[in-house]
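Enquirer: First the structure, then my questions, so here it is.
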Amino acid sequence: MSKNVVIIGGGFAGVSIARMLSPKLGALGYTLVLINARPFHVHLIAALRMTVSAVDRLEDHAILPFDNVFANGVGSVKIGSVASITDDGGGNGGVVHLAGGETVQYAFLVLAPGSTWHENLSLPDDKQMLTEHIAQWRRKFESAQDIVLAGGGAVGIEAAGEIKDIWPSKNVTIVHGGTMLMNDTYPAHFRAAVAAGLTARGISIVYSDRVVGPPKEHEHVSGTITTRNGASLDADLVLTTHAGGPNTAFVASLGPGALDARGYIVVAPTLQLPAHPAIYAAGDAIAWPETKAATKVQQQRGVVAANILSAIRRRPPTAVYKGGIELILLTNGKAGGAGYIDILWGIALTGSLGAWLASVFKSRHLAIPMARKLVGLS
């Protein structure tokens, strides 16, 4: 039987779990294999600003090597895209099949594939292509005067602030399907405060409407676009900023029941797949009734690591994930933003306090020091 613990996905969830397991597996006779399509880790929190402009040259700080990711050298990184998984469902391990034909055997498998993203956030796996992608999108933002953002969730909100930071005179419009920005996870007064922070910078918001057509149809436009409700908007760049979906096409190879109707990975509270006890999942791709956020992963990683270590020691899994507190910190450029924490009665951090907190804890540095520490860099 294989002695590999294999993790699919080199994003925040996958690397976090690798860092927890790496120091402990060697003494148990196991090793770690991290499979990722890219030969580097991308710190996604920085990706919006990185693709909007060359300010701070974030490509030099947010694209990080895996060289030091394993805490004590117990492990290796395999670069490749996963095509499918073979697992007998009996807890006896299985095989990961890569698109290039290679296979990797596992005793335990962790699925942390993250999300797919649109347009400027759809980052290529090749380093040279990624560099060209970043430069291309910077040119698009710089040359556009009327920019429409299709989606008023966190991505659209933060993209609007980044654009206005660099080009205050550009016209930025958010088109959102709801009657308020974001969704009902957050209270109306917080959502209204976020909107007020945007409109104060001259950002327009169109509610209860949508930009029609697939992203590629509207990426390059000239003059005007017409929304689903018939509104005419000036636009020479339209950006899809609603949430990306789960990056889980390969998980369907595990058979019916592995994914829910929206493509998210179905997990038990132990974060095991119900029909595949040797397979665990964490991060944005799991089917759990909560918003997707790094703060949730910080709890999930401990559950996955603890249960895999228990299984190696032939003990039943006892760690369970109970969901995380809803917490969000939204930037509005480098100097602004707002936050919300769902504790007590629900605490909204808005106005000058919210702007200060967002700036100090996120927007000034975009958590790059945390990302560097995550992959083992000083």
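Each chain in the structure tokens gets a letter, A, B and so on, in the order shown; residues start at 1 in every chain, and ligands are counted from 1 in the order they appear.
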Taking 5 positions as the minimum chain separation for residues in the same chain, which residues sit within 7 Å of A:Gly91 when counting only C-alpha atoms? Answer as a list in words.
Expert: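 So the residues in contact are His276, Pro277 and Ala278 of chain A.
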Enquirer: If we count only C-alpha atoms and set the cut-off at 8 Å, which residues sit around A:Pro39, ignoring sequence neighbours fewer than 2 positions away in its own chain? Please answer as a ChimeraX atom specification.
Expert: /A:36-37,41,65-66,79,125-126
Enquirer: Find the residues near A:Gly29: any atom within 10 Å, counting only C-alpha atoms, skip ones fewer than 4 places away on the same chain, and give them as a VMD selection string.
Expert: chain A and resid 3 to 4 24 to 25 312
Enquirer: Need to verify the contact set: stretch 192-208 of chain A, 8 Å, only C-alpha atoms, exclusion of same-chain residues closer than 6 positions in sequence. Can you return it as number ranges by chain?
Expert: A: 157, 160-161, 164, 168, 171-181, 332, 337-338, 350-351
Enquirer: Between A:Leu366, A:Ala287, A:Val360, A:Ala348, which one has atoms that come closest to A:Gly336, using only C-alpha atoms?
Expert: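 For A:Gly336, the nearest of the given residues is A:Val360.
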Enquirer: Any idea what's packed within 12 Å of A:Ile325, counting only C-alpha atoms, ignoring anything in its chain fewer than 6 positions away? Could you give it as a PyMOL selection string?
Expert: chain A and resi 185-186+289-299+340-344+346-347
Enquirer: Would you save the residues of that selection, restricted to C-alpha atoms, as a short mmCIF file (atom, residue, chain, number, x, y, z; two decimals), in the first residue's frame?
Expert:
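This is the output file again27.cif:
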```
data_model
loop_
_atom_site.label_atom_id
_atom_site.label_comp_id
_atom_site.auth_asym_id
_atom_site.auth_seq_id
_atom_site.Cartn_x
_atom_site.Cartn_y
_atom_site.Cartn_z
CA THR A 185 -25.29 36.86 4.54
CA TYR A 186 -24.56 40.42 5.61
CA PRO A 289 -23.56 26.39 3.72
CA GLU A 290 -21.35 29.42 4.32
CA THR A 291 -19.42 32.01 2.36
CA LYS A 292 -15.99 31.07 1.06
CA ALA A 293 -13.13 32.71 2.94
CA ALA A 294 -9.58 32.08 4.10
CA THR A 295 -10.75 32.35 7.71
CA LYS A 296 -12.83 29.19 7.19
CA VAL A 297 -9.81 27.34 5.80
CA GLN A 298 -7.87 28.16 8.96
CA GLN A 299 -10.35 25.94 10.83
CA TYR A 340 -18.15 42.79 9.27
CA ILE A 341 -17.89 40.15 12.01
CA ASP A 342 -20.88 37.96 12.82
CA ILE A 343 -20.43 37.86 16.59
CA LEU A 344 -22.74 39.14 19.32
CA GLY A 346 -23.15 41.42 14.35
CA ILE A 347 -20.45 44.07 14.29
#
```
Enquirer: Near A:Thr31, within 10 Å and counting only C-alpha atoms, which residues show up once chain neighbours fewer than 4 positions away are dropped, as number ranges by chain?
Expert: A: 2-6, 21-27, 73-76, 106
Enquirer: Separation of atom CA of A:Pro369 and atom CA of A:His43, in Å?
Expert: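 Distance reported for this atom pair: 10.4 Å.
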Enquirer: Enter the distance from atom CA of A:Leu111 to atom CA of A:Leu58, in Å, rounded to one decimal.
Expert: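 Calculated distance between atom CA of A:Leu111 and atom CA of A:Leu58 is 28.2 Å.
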Enquirer: Can you list, as a ChimeraX atom specification, every residue of stretch 14-151 of chain A that DSSP puts in helix (DSSP H, G or I)?
Expert: /A:14-28,44-52,55-60,119-121,127-143
Enquirer: Save the residues we just selected, C-alpha atoms, as a compact mmCIF listing (two decimals), in the first residue's frame?
Expert:
```
# COMPACT_ATOMS: atom_id res chain seq x y z
CA GLY A 14 -3.62 22.96 0.09
CA VAL A 15 -0.43 24.65 1.27
CA SER A 16 -1.87 25.24 4.75
CA ILE A 17 -2.63 21.54 5.16
CA ALA A 18 0.77 20.57 3.73
CA ARG A 19 2.50 22.79 6.28
CA MET A 20 0.58 21.15 9.12
CA LEU A 21 1.24 17.57 7.99
CA SER A 22 4.82 17.82 6.75
CA PRO A 23 6.56 17.89 10.17
CA LYS A 24 4.61 14.86 11.40
CA LEU A 25 4.49 12.39 8.53
CA GLY A 26 8.15 11.37 8.44
CA ALA A 27 8.08 9.79 11.89
CA LEU A 28 5.02 7.81 10.83
CA LEU A 44 -4.87 35.55 -4.83
CA ILE A 45 -5.63 38.39 -2.42
CA ALA A 46 -3.10 40.44 -4.38
CA ALA A 47 -4.26 39.37 -7.84
CA LEU A 48 -6.81 42.15 -8.39
CA ARG A 49 -4.37 44.98 -7.74
CA MET A 50 -1.62 43.10 -9.55
CA THR A 51 -3.65 42.88 -12.77
CA VAL A 52 -5.04 46.44 -12.62
CA VAL A 55 1.82 49.83 -8.60
CA ASP A 56 4.13 48.11 -6.08
CA ARG A 57 5.14 45.54 -8.74
CA LEU A 58 3.10 42.89 -6.98
CA GLU A 59 4.14 40.22 -9.48
CA ASP A 60 7.50 40.26 -7.66
CA GLU A 119 -10.84 37.16 -17.17
CA ASN A 120 -8.11 39.09 -15.35
CA LEU A 121 -8.26 36.64 -12.41
CA LYS A 127 5.08 31.74 -15.65
CA GLN A 128 5.82 33.47 -18.95
CA MET A 129 2.18 33.36 -19.99
CA LEU A 130 1.20 34.73 -16.58
CA THR A 131 3.61 37.64 -16.99
CA GLU A 132 2.10 38.42 -20.39
CA HIS A 133 -1.43 38.07 -19.00
CA ILE A 134 -0.71 40.60 -16.25
CA ALA A 135 0.80 43.08 -18.71
CA GLN A 136 -2.11 42.65 -21.12
CA TRP A 137 -4.72 43.35 -18.48
CA ARG A 138 -2.86 46.38 -17.19
CA ARG A 139 -2.97 47.80 -20.72
CA LYS A 140 -6.70 47.09 -20.94
CA PHE A 141 -7.45 48.93 -17.71
CA GLU A 142 -5.19 51.83 -18.61
CA SER A 143 -6.72 52.34 -22.06
```
Enquirer: Taking only stretch 11-180 of chain A into account, list the residues labelled strand (DSSP E or B) by DSSP (computed from the backbone), as JSON, numbers by chain.
Expert: {"A": [31, 32, 33, 34, 35, 36, 41, 42, 63, 64, 76, 77, 78, 79, 82, 83, 84, 85, 86, 87, 94, 95, 96, 97, 98, 103, 104, 105, 106, 108, 109, 110, 111, 115, 146, 147, 148, 149, 150, 171, 172, 173, 174, 175]}
Enquirer: Residues within 8 Å of A:Val212, please, as a PDB file with N, CA and C atoms, in the first residue's frame. Count only C-alpha atoms; anything in the same chain fewer than 3 positions from it doesn't count.
Expert:
```
ATOM      1  N   THR A 226     -26.010  47.028 -23.556  1.00  0.00           N
ATOM      2  CA  THR A 226     -27.384  47.027 -23.072  1.00  0.00           C
ATOM      3  C   THR A 226     -27.541  45.916 -22.052  1.00  0.00           C
ATOM      4  N   THR A 227     -28.057  46.232 -20.880  1.00  0.00           N
ATOM      5  CA  THR A 227     -28.237  45.245 -19.822  1.00  0.00           C
ATOM      6  C   THR A 227     -29.490  44.415 -20.062  1.00  0.00           C
ATOM      7  N   ARG A 228     -29.683  43.421 -19.217  1.00  0.00           N
ATOM      8  CA  ARG A 228     -30.861  42.562 -19.343  1.00  0.00           C
ATOM      9  C   ARG A 228     -32.154  43.353 -19.266  1.00  0.00           C
TER      10      ARG A 228
END
```
Enquirer: So what do you get for atom CA of A:Gly263 versus atom CA of A:Thr248, distance-wise?
Expert: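 Separation of atom CA of A:Gly263 and atom CA of A:Thr248: 6.5 Å.
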Enquirer: Just checking: using only C-alpha atoms, which residue out of A:Pro269, A:Thr116, A:His61, A:Pro187 ends up closest to A:Ala285?
Expert: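 For A:Ala285, the nearest of the given residues is A:Thr116.
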Enquirer: Of the candidates A:Ser81, A:Lys362, A:Val110, A:Met370, which one gets nearest to A:Val303 if we count only C-alpha atoms?
Expert: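 Checking each candidate against A:Val303, we get A:Val110 as the closest.
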Enquirer: Would you mind telling me which residue in A:Ile163, A:Val155, A:Ala319, A:Ala258 lies nearest to A:Gly333 when using only C-alpha atoms?
Expert: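 Of A:Ile163, A:Val155, A:Ala319, A:Ala258, the one nearest A:Gly333 is A:Ile163, counting only C-alpha atoms.
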Enquirer: Could you check which of A:Ile147, A:Trp117, A:Lys78, A:Ala371 is closest to A:Thr103, using only C-alpha atoms?
Expert: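 So, comparing all the options, the nearest one is A:Lys78.
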